[in-house]
Every structure is written in structure tokens, then in C-alpha cells.
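This report concerns only the one structure given below.
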Amino acid sequence: MKPYIALSFLGSHRLLEYFYLKGFINNSNQIEEYLFSEIHVKDPYKPDYVYKNVMQDFIQDKSIGRCTIDSFKELSKMLEFRGERVYVKNESFERWQEIVHSVSPLQIISYLIYDQCNQSYRTDVEILINSIFDKSALPSIFDPQLDQMMARDGLNEMHMHLNGTTEADFVWQDALAEPSKFYTHFRESFGNTYVTDQYLQLGNFEQDDFFRLLIIARQLRDKIIGIVFDNDELKVDESFTKDGYDLGKSLNYASSIHPLKNMNLDVNFQDSWQYEALFFIRSFHYLESEQSIYFANVFYYYLLIYAFFQKMLVQQKSQVGFDQFQKITLNQIRELTEEKYQNRYRQLHGMYDNSLCVLEGRFAPKDNLVKSFKLLKSIRDGYVKNREVRKSFKLILVPHFVKTLDTRNPKNIITFRDLALRIKTKRTLIVLLDTMKHSDYKDLIVGFDAAANELHASPEAFAPTFRKLRFLGYSNFTYHAGEDFIHIISGLRMVYEAVEFLDMRSGNRIGHATALGIDPKLWINRLYESKLTLKKGEWLDNLIFSYELMQNDGKFYGHLGKLQGDIFKYFQEIYNYQKPLNIHQIIESWKARKYDPIIALKWREPSIFEEFDSQELEDFNHLDISIQELYELYHAGECIERYNKMIQIEPDQAPFTEEVLRDLQNIMIQHVNDKNIALETLPTSNVRISYYKRYDEHHLWRWLGIQNYNEGDPKPTVVVGSDDTGIFMTNLRNEYAHIYQTLNKYEDQKTALDTVEQLNRNSKAFTFHL
Ligand SMILES: [Zn+2]
């Protein structure tokens, strides 16, 4: 409970609002009141005394300065020193992962350094900062065997997006150093309703306030530096509230790296975040030794703004689902930092020795040749021009086409579904292929993917692109599927459609595929008895798909009649098809969605894919005429309108009991196994975005046959990735550490180590090669 209070204190949004609107606080009772009200809103189903008693112990009659020190002391208990390195204690690792979502790890580690040096047996602050804050601010657990395995084999990163990588502590430094440049990117998020949502979820601030707070943070830091490093007198009349701060005020301490850089401090650091660590260490010292209420307010206010900034960049525990994730990717706060690529590669090794051996970096390709070359040059230069990075791991790239929503009113659709997306993807493909002709990128781009919100576009919209690529001789494909879904069957179907419509084969991979692993019982429980609202057409597609999976297995015979009845009912309601049809024709018409409507529905123009297009048309024309007619209806506006009508269903609507859902998952696992397709697992990303609350609930343990597994069930081939290291505050080393640590709950140490080694071997085998 104490760490939770410490966390709430250091990241309090309500107290930040108070400081911003009203000014400083001199009374710890006020802190207690505000903090309690905030905690109560987050967790209203507990009696007051559960939190109040601990809070009284923690806060009552203490100054802000004391509360700040005590909070850091509490959180730093999760860490330990080993020589000049800092590690997370084994038993605290999972909790730590949650803490660093709203409090900066750089701050907590800085406190630990301060505390150690304060206890006088260490005075080597400069050495410690240089040693600890070398590549990353994210510590890990210490395990000699795991370390040895990583040093010996090196890790292959199988799924990581290059954007969304940078740790929040680095982004903060850039934003404070160059606020005007930051603003030019940041303002692009104004008016984006997703982003507005993200602000409103946290409190009453809007984008304008966020930027003002950033300017205030610069001034607060300037003030603190004056007091702590330059013996400034404590002038207590300055205001830092929304209405009181001076927007145009020039700072006393300025440097393009960090304001401490030019202060003749007798220390030498390379990077701004190392100076920031020194700034915190010395501020902790001042806070504790001088006991100035004014200083404590200034410093605490700075911490609160920092925490707000971090929360906007990192997926919080309370942010479930891909929609929430997408808000972070759209708020433009990382843009300035991530304009260039060089700084983010080193961080990927984690805090200690180099652990990464191959990085398969994903990026969104451009649909304009100039922009495409500019992007690729920046990605490549950042790698090639840094000798240390270049020597430490191999970089390969996988462009991911981006799923976007068809926003047209179905009434206005006279062409076909996903018109804009299909045209954009086609254009992007042509630009990408041209870019890849350049010798710098020919060997760098090794495979293809499609990513972003799965609820916005289905595999069918990308099927022609991937099949064209195969036609041209490319064979390395992966596809984000079954990660976020309204119903498990929708997620399973996305994986099936990706495999079948894109013509995936041996050596290919599926990203996430959570639907193939999540325990249906856990999924139903986490829906907390709510019904599911989804499109009638989506549910019909799920029924058709289920029928396809179930029809050849005798154990489902009892269910087929009911399924068929529902299929015909919904099918007629949506398509109103007058000719007689049987279930197999309906299934075939669903499978025909892999064809490109640009070609099948005769919107084709001459293109560089002439040969493929002609073949596609010939194949489509060979389909039964009723299938062709149904294909046309599927793309027709009036049918889309009826398809989109919302219906409500129970998660375990008959015949889809937990047991049947599990069977369908196993059929799909067998299906990908038969094709020798691997599943990419991204533990922290799933624990944040999906229905899980803890690592031991993750589906990986079922896939490995360790937990929630029934004898004889198929096990998929699994490879490991970290997805978005900055947004999830992780790196590949830490993903393996989480896996290893959870395995240790179920297996002896040797077996656990064998299992992680096997995962890394799978990853090496399935890494894309030309
Ligand atoms: Zn991803």
C-alpha cells in the first residue's frame, strides 16, 4: 500500500491542477485531502480507512519536502546496488513495471544514488551516473544465468516499432531544451479527438495547458538550479500559476544540452539526462538538509509536471484496449525527439551490457518518394553513422502498412469498401518498391507487415498487396492480427483471414495473435457481465468462419444446425439475395474477399502490376457466378449499411461456450502450425493493452504448455518482441526477464532457462532473411 501512496503523491494530477491554478501549498492536510479524493475516484469500492490510515501515517503533519523524500525512499526500496550497477529486486520487478508508468525511473534511481552517497560510504556520484545512466534509464533484474545466456547468444528483436521507442526521460529533456521546436510538432495534435480524450481521461487539462506547464517546468528548473547550484537567495514572491507565470521570461542558466552543462561543476557528462540525474541528486540533498517549504513546493511542482508528461507518453494500467494505445501514438509529444533516429538505438540494449544481436525495426512506409527516401535515410543514418551501435547489433527493417478506418457514410459508397485505404496502400507499395531499388535499402528491408488499429481494417484490405509482393518474389511476411477484438472469434477470424487471404506460408509470422491464447474464461470474466455490441455483419462473418472450422470435426455436429440457421437468417437480412444458396457457397463468398475489388469490380487502371492483375481477374472470373454476385453485394453501399447495424450478443452466446471457444483456438493454433507460421509474443504490450492484469495471466504460458494447458492441445511456435519500448517502458532484455521470472513460478530454474533459450532460438530461426 505504501508504494501506491508514494506513487499517487509523486504523480498526483489533482495536486498538479491545484499548483497550476492556485499556487503553492503550505499545509499537509490539504495534500492529504486532495490525494485521498484522487485515490478514491480511482478505487471507489473500498472503505475510507483502507487508504486513509496508510495516508495518515505517510503524510500527516509532514512537510511537502518530507513527503517527497519519503515517497522516493519507498519506491527506491525496489532497487538495489550491485557494484556500480542498479538492479530491480527480483520480488519487485512486476510492481516496478507499474511504478515506472507514472514516475520517472531516472528520478527514483537518482534518489537511490543520493541515499547511498548520503550514507557516506560512497562519494563517487559522477562515476555512478556515468556507469548507470549510460544507455537507458530502465533497470532490470539480476540473474547470472539469464545474463550469461544473453551475452552468449544475443537476443533477436522480432517485433519493435521504431516510433514509440524513446524512453520518456529522454523526451522530457528534448522538450525542455527546445520548447518552440517541440510546439511545432505538438500543435498538430490540436483538434484530434483521440488526443483530447487522452487529456480528459487524466483531468481538466487541455493541450494549451500542457504546453504552458512545460514552460513553467523550464522556469522551475531554472529556479531550482539557482538555489541548489548557485546559492541564490530564496526569493519567494515569484508565481508559477497559469495566470501568474511569465511566458517570455528568459532563463538564467541555458545550454543546448542541459542548463547545468555550462556551470563549471567539475563533472563531465555526455548527455542531458545524466545532468538531469545530477540535478535530482543535489536537489534531494538540498530538500532534506535545508527544509525550505518554498523550495519543496518548487521542486514538487516540477516533479508533478514531469509525471504528467510521462503519463501522456506511457500506456497506463487503466488504459485498456488498442484505442487507448493509439491516443499515445497521436499526441505528438515524442515527435521532436523521434525526428532523428540515432539516439534511440543505444537505449535498446537496456541498461547493462549489450544484449541485442538483431533488431527487426518496423516503420510506417510513406506514399511519396521524396518523403520515403528522407525517412529511410534518417533511419539508416542513425544506425550507420554511430559506429558503436553499428558494431553492437544488426539492423533490418520491416515496413508496416497502416490500417485506417473507412469513414464514409455507407449511403455514399458507390465503389467498394476501404477505397481510400486501398488506394493509399497501393501507392505506398509502388513508392516502397522504388525506394528498395536503391542499394542502401535493398538489403535493409527484409519483410512486410501491416499494423495499427485492427478494428479499423481487416486483412482483406491488404491481401492484394501481400499477394502482389509474393508474386514479385518476396516471401517474408508478418501481420498484426488477433491483438484487439470485440469477440474472441473476431480475433481468431482476423488471424485466419491474414493467413489465408494474404497467402501466408512457412516462415511467416503473426503479430500478437492474443485471440489464439487468451483463456476464454478470463476474457469473459474481464468483460464484467457486459454484453458485446458489434456489427451484425461482423457477427455473421464470425458464424460463417466458425462453421468452416467446425464442420469437419464430429464433436461439433450437434452445433452445426443452429449455426446454419443463424447464418441464413443474418445473411438474408444483410444481403437479401434472391437465388437459392447453400452454406458452402456462403463460405466461398466470404473467402472471395481476398480478391482486389479494384480489379474484380472493374475499376482497374493500367499499372506496373499488370501480370498479377490479369491473373487476379482471371481467378475471380472463374468463381461461380453467385459467388461473384455476393462479392459485389458485400461491397455495395446498401448492404454495408445493413452489415453495420449494431446487435448485442452475449460473450458466450450459444454454441460458443468457454469450451467451444477453447476448441476453436486450438483449431487455429493447429492451422498456423500446419503452415509453419510463428506467433510473435509481446508480453508487456499485451499486459497493458489486453485484458490481463498480471504477467502470469498472459497466454504465453498456455502456448508453452505450462499453465492453463490441456494435455494434447497443440502448441504454437513462439518468438519474442517488445512492440513499443517507450510506450510500455520496456526493452527486449526486460521482456525476457519478465518471461523468465514468471516461468520460475512454474518450473525449476534450469527448465525455465531452457525455455527462454528455446524462445530465443525460435526467434533466430524465424528472423527474416533475404
Ligand atoms: Zn506492433
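Letters for chains follow the order of the C-alpha cells (A, B, ...), residue numbers begin at 1 for each chain, and ligand numbers begin at 1 in the order shown.
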
Polymer residues at most 6 Å from Leu79 of chain A, only C-alpha atoms, same-chain spacing of 3 or more positions, as a list in words: Ser76, Tyr87, Val88 and Lys89 of chain A

Emit the selected residues as a tab-separated table (two decimals), in the first residue's frame, including C-alpha atoms.
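And here is the file that came out, selection17.tsv:
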```
chain	number	residue	atom	x	y	z
A	76	SER	CA	13.68	3.09	-4.25
A	87	TYR	CA	19.03	-3.62	-10.44
A	88	VAL	CA	15.40	-4.18	-9.60
A	89	LYS	CA	14.99	-6.67	-6.79
```

Contacts of ligand 1, 12 Å or closer, only C-alpha atoms and all ligand atoms, given as a ChimeraX atom specification: /A:157-165,322,325-326,329,360-364,398-402,449-454,478-484,510-513,680-686,689,720-725,727-728

Report as a Markdown table the residues of segment 224-311 of chain A within 9 Å of segment 131-141 of chain A, each with its shortest atom pair and distance in Å (one decimal), using only C-alpha atoms, ordered by chain and increasing residue number.
```
| residue | atom | partner | partner_atom | distance |
| --- | --- | --- | --- | --- |
| A:Asp271 | CA | A:Asp134 | CA | 8.9 |
| A:Trp273 | CA | A:Phe133 | CA | 7.8 |
| A:Gln274 | CA | A:Phe133 | CA | 6.3 |
| A:Ala277 | CA | A:Phe133 | CA | 8.3 |
```

Save out the residues we just selected, N, CA, C and O atoms, as a PDB file, in the first residue's frame.
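Output contents, as saved in out.pdb:
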```
ATOM      1  N   ASP A 271      25.482  13.467 -21.899  1.00  0.00           N
ATOM      2  CA  ASP A 271      24.062  13.644 -22.248  1.00  0.00           C
ATOM      3  C   ASP A 271      23.278  14.442 -21.218  1.00  0.00           C
ATOM      4  O   ASP A 271      23.603  14.442 -20.028  1.00  0.00           O
ATOM      5  N   TRP A 273      20.359  13.864 -19.952  1.00  0.00           N
ATOM      6  CA  TRP A 273      19.686  13.121 -18.877  1.00  0.00           C
ATOM      7  C   TRP A 273      20.657  12.762 -17.758  1.00  0.00           C
ATOM      8  O   TRP A 273      20.253  12.562 -16.617  1.00  0.00           O
ATOM      9  N   GLN A 274      21.973  12.715 -18.057  1.00  0.00           N
ATOM     10  CA  GLN A 274      22.945  12.484 -16.991  1.00  0.00           C
ATOM     11  C   GLN A 274      23.040  13.726 -16.090  1.00  0.00           C
ATOM     12  O   GLN A 274      23.125  13.614 -14.870  1.00  0.00           O
ATOM     13  N   ALA A 277      20.123  13.787 -13.855  1.00  0.00           N
ATOM     14  CA  ALA A 277      20.296  12.905 -12.693  1.00  0.00           C
ATOM     15  C   ALA A 277      21.058  13.652 -11.590  1.00  0.00           C
ATOM     16  O   ALA A 277      20.664  13.613 -10.417  1.00  0.00           O
TER      17      ALA A 277
END
```

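For the residues A:Ile293, A:Leu369, A:Ile379, A:Ile423, ranking by smallest atom-to-atom distance to Asp440 of chain A using only C-alpha atoms places A:Ile379 first.
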
Sel. of alpha helix (DSSP H) residues, segment 90-163 of chain A, as a ChimeraX atom specification: /A:93-99,105-118,125-132,144-153

For the residues in that selection, give me N, CA and C atoms as an mmCIF file, in the first residue's frame.
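part.cif, written as the output of this step:
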```cif
data_model
loop_
_atom_site.group_PDB
_atom_site.id
_atom_site.type_symbol
_atom_site.label_atom_id
_atom_site.label_comp_id
_atom_site.auth_asym_id
_atom_site.auth_seq_id
_atom_site.Cartn_x
_atom_site.Cartn_y
_atom_site.Cartn_z
ATOM 1 N N PHE A 93 9.960 -6.822 -9.349
ATOM 2 C CA PHE A 93 10.054 -6.475 -10.776
ATOM 3 C C PHE A 93 8.693 -6.131 -11.398
ATOM 4 N N GLU A 94 7.703 -6.938 -11.108
ATOM 5 C CA GLU A 94 6.387 -6.699 -11.719
ATOM 6 C C GLU A 94 5.786 -5.393 -11.195
ATOM 7 N N ARG A 95 5.932 -5.169 -9.908
ATOM 8 C CA ARG A 95 5.428 -3.930 -9.297
ATOM 9 C C ARG A 95 6.174 -2.724 -9.872
ATOM 10 N N TRP A 96 7.475 -2.879 -10.017
ATOM 11 C CA TRP A 96 8.310 -1.814 -10.576
ATOM 12 C C TRP A 96 7.816 -1.408 -11.959
ATOM 13 N N GLN A 97 7.453 -2.407 -12.749
ATOM 14 C CA GLN A 97 6.976 -2.155 -14.103
ATOM 15 C C GLN A 97 5.752 -1.232 -14.083
ATOM 16 N N GLU A 98 4.933 -1.356 -13.050
ATOM 17 C CA GLU A 98 3.758 -0.484 -12.925
ATOM 18 C C GLU A 98 4.145 0.904 -12.412
ATOM 19 N N ILE A 99 5.122 0.932 -11.502
ATOM 20 C CA ILE A 99 5.547 2.216 -10.923
ATOM 21 C C ILE A 99 6.072 3.154 -12.017
ATOM 22 N N PRO A 105 11.850 6.558 -13.862
ATOM 23 C CA PRO A 105 12.865 5.702 -13.262
ATOM 24 C C PRO A 105 14.161 6.478 -13.000
ATOM 25 N N LEU A 106 14.428 7.474 -13.837
ATOM 26 C CA LEU A 106 15.632 8.284 -13.634
ATOM 27 C C LEU A 106 15.585 8.991 -12.279
ATOM 28 N N GLN A 107 14.405 9.450 -11.909
ATOM 29 C CA GLN A 107 14.274 10.133 -10.610
ATOM 30 C C GLN A 107 14.475 9.150 -9.452
ATOM 31 N N ILE A 108 13.867 7.976 -9.565
ATOM 32 C CA ILE A 108 13.951 7.021 -8.449
ATOM 33 C C ILE A 108 15.399 6.537 -8.283
ATOM 34 N N ILE A 109 16.044 6.253 -9.401
ATOM 35 C CA ILE A 109 17.445 5.801 -9.316
ATOM 36 C C ILE A 109 18.329 6.937 -8.789
ATOM 37 N N SER A 110 18.045 8.169 -9.211
ATOM 38 C CA SER A 110 18.825 9.307 -8.699
ATOM 39 C C SER A 110 18.676 9.388 -7.188
ATOM 40 N N TYR A 111 17.461 9.138 -6.717
ATOM 41 C CA TYR A 111 17.283 9.150 -5.253
ATOM 42 C C TYR A 111 18.138 8.062 -4.600
ATOM 43 N N LEU A 112 18.142 6.898 -5.215
ATOM 44 C CA LEU A 112 18.928 5.789 -4.655
ATOM 45 C C LEU A 112 20.410 6.168 -4.579
ATOM 46 N N ILE A 113 20.898 6.808 -5.631
ATOM 47 C CA ILE A 113 22.304 7.244 -5.640
ATOM 48 C C ILE A 113 22.531 8.266 -4.517
ATOM 49 N N TYR A 114 21.606 9.212 -4.424
ATOM 50 C CA TYR A 114 21.718 10.220 -3.353
ATOM 51 C C TYR A 114 21.760 9.541 -1.984
ATOM 52 N N ASP A 115 20.855 8.617 -1.789
ATOM 53 C CA ASP A 115 20.727 7.942 -0.499
ATOM 54 C C ASP A 115 22.015 7.184 -0.148
ATOM 55 N N GLN A 116 22.543 6.499 -1.160
ATOM 56 C CA GLN A 116 23.787 5.738 -0.934
ATOM 57 C C GLN A 116 24.934 6.674 -0.601
ATOM 58 N N CYS A 117 25.040 7.756 -1.361
ATOM 59 C CA CYS A 117 26.150 8.681 -1.136
ATOM 60 C C CYS A 117 25.971 9.394 0.193
ATOM 61 N N ASN A 118 24.729 9.620 0.550
ATOM 62 C CA ASN A 118 24.423 10.287 1.804
ATOM 63 C C ASN A 118 24.863 9.445 2.994
ATOM 64 N N VAL A 125 29.640 10.164 -7.099
ATOM 65 C CA VAL A 125 28.407 10.441 -7.842
ATOM 66 C C VAL A 125 28.642 10.455 -9.351
ATOM 67 N N GLU A 126 29.705 11.116 -9.760
ATOM 68 C CA GLU A 126 29.958 11.228 -11.203
ATOM 69 C C GLU A 126 30.155 9.846 -11.826
ATOM 70 N N ILE A 127 30.946 9.025 -11.130
ATOM 71 C CA ILE A 127 31.196 7.674 -11.659
ATOM 72 C C ILE A 127 29.891 6.882 -11.725
ATOM 73 N N LEU A 128 29.107 6.995 -10.666
ATOM 74 C CA LEU A 128 27.839 6.241 -10.647
ATOM 75 C C LEU A 128 26.903 6.694 -11.768
ATOM 76 N N ILE A 129 26.805 7.989 -11.956
ATOM 77 C CA ILE A 129 25.915 8.484 -13.026
ATOM 78 C C ILE A 129 26.403 7.975 -14.378
ATOM 79 N N ASN A 130 27.693 8.081 -14.607
ATOM 80 C CA ASN A 130 28.223 7.619 -15.894
ATOM 81 C C ASN A 130 28.024 6.122 -16.081
ATOM 82 N N SER A 131 28.133 5.401 -14.995
ATOM 83 C CA SER A 131 28.006 3.953 -15.114
ATOM 84 C C SER A 131 26.550 3.511 -15.280
ATOM 85 N N ILE A 132 25.669 4.137 -14.503
ATOM 86 C CA ILE A 132 24.265 3.689 -14.519
ATOM 87 C C ILE A 132 23.513 4.260 -15.721
ATOM 88 N N PRO A 144 22.405 -14.188 -12.989
ATOM 89 C CA PRO A 144 23.657 -14.506 -13.702
ATOM 90 C C PRO A 144 23.442 -15.441 -14.887
ATOM 91 N N GLN A 145 22.511 -16.388 -14.741
ATOM 92 C CA GLN A 145 22.327 -17.334 -15.852
ATOM 93 C C GLN A 145 21.646 -16.691 -17.054
ATOM 94 N N LEU A 146 20.648 -15.869 -16.745
ATOM 95 C CA LEU A 146 19.960 -15.165 -17.825
ATOM 96 C C LEU A 146 20.944 -14.217 -18.522
ATOM 97 N N ASP A 147 21.740 -13.518 -17.715
ATOM 98 C CA ASP A 147 22.742 -12.612 -18.271
ATOM 99 C C ASP A 147 23.714 -13.358 -19.180
ATOM 100 N N GLN A 148 24.132 -14.519 -18.691
ATOM 101 C CA GLN A 148 25.103 -15.282 -19.474
ATOM 102 C C GLN A 148 24.496 -15.740 -20.800
ATOM 103 N N MET A 149 23.241 -16.167 -20.745
ATOM 104 C CA MET A 149 22.563 -16.602 -21.967
ATOM 105 C C MET A 149 22.495 -15.441 -22.964
ATOM 106 N N MET A 150 22.163 -14.243 -22.472
ATOM 107 C CA MET A 150 22.024 -13.102 -23.377
ATOM 108 C C MET A 150 23.383 -12.670 -23.922
ATOM 109 N N ALA A 151 24.404 -12.737 -23.058
ATOM 110 C CA ALA A 151 25.749 -12.362 -23.524
ATOM 111 C C ALA A 151 26.243 -13.370 -24.564
ATOM 112 N N ARG A 152 25.931 -14.641 -24.344
ATOM 113 C CA ARG A 152 26.426 -15.696 -25.240
ATOM 114 C C ARG A 152 25.663 -15.703 -26.573
ATOM 115 N N ASP A 153 24.335 -15.679 -26.498
ATOM 116 C CA ASP A 153 23.544 -15.861 -27.726
ATOM 117 C C ASP A 153 23.127 -14.553 -28.379
#
```

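Residue neighbourhood of Tyr547 of chain A, excluding near-sequence residues (fewer than 4 positions): A:Asp541, A:Asn542, A:Leu543, A:Gln551, A:Asn552, A:Phe556, A:His559, A:Leu560, A:Gly561, A:Leu563, A:Gln564, A:Ile567, A:Ile583, A:His584, A:Ile587, at 10 Å, using only C-alpha atoms.
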
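If only C-alpha atoms are the atoms counted, then among A:Ile31, A:Leu502, A:Leu348, A:Ala307 the closest residue to Phe471 of chain A is A:Leu502.
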
Selection: 8 Å around segment 339-345 of chain A, only C-alpha atoms, excl. self and same-chain fewer than 3 positions, as a PyMOL selection string: chain A and resi 165-166+335-336+348-349+378-379+381-383+386+389
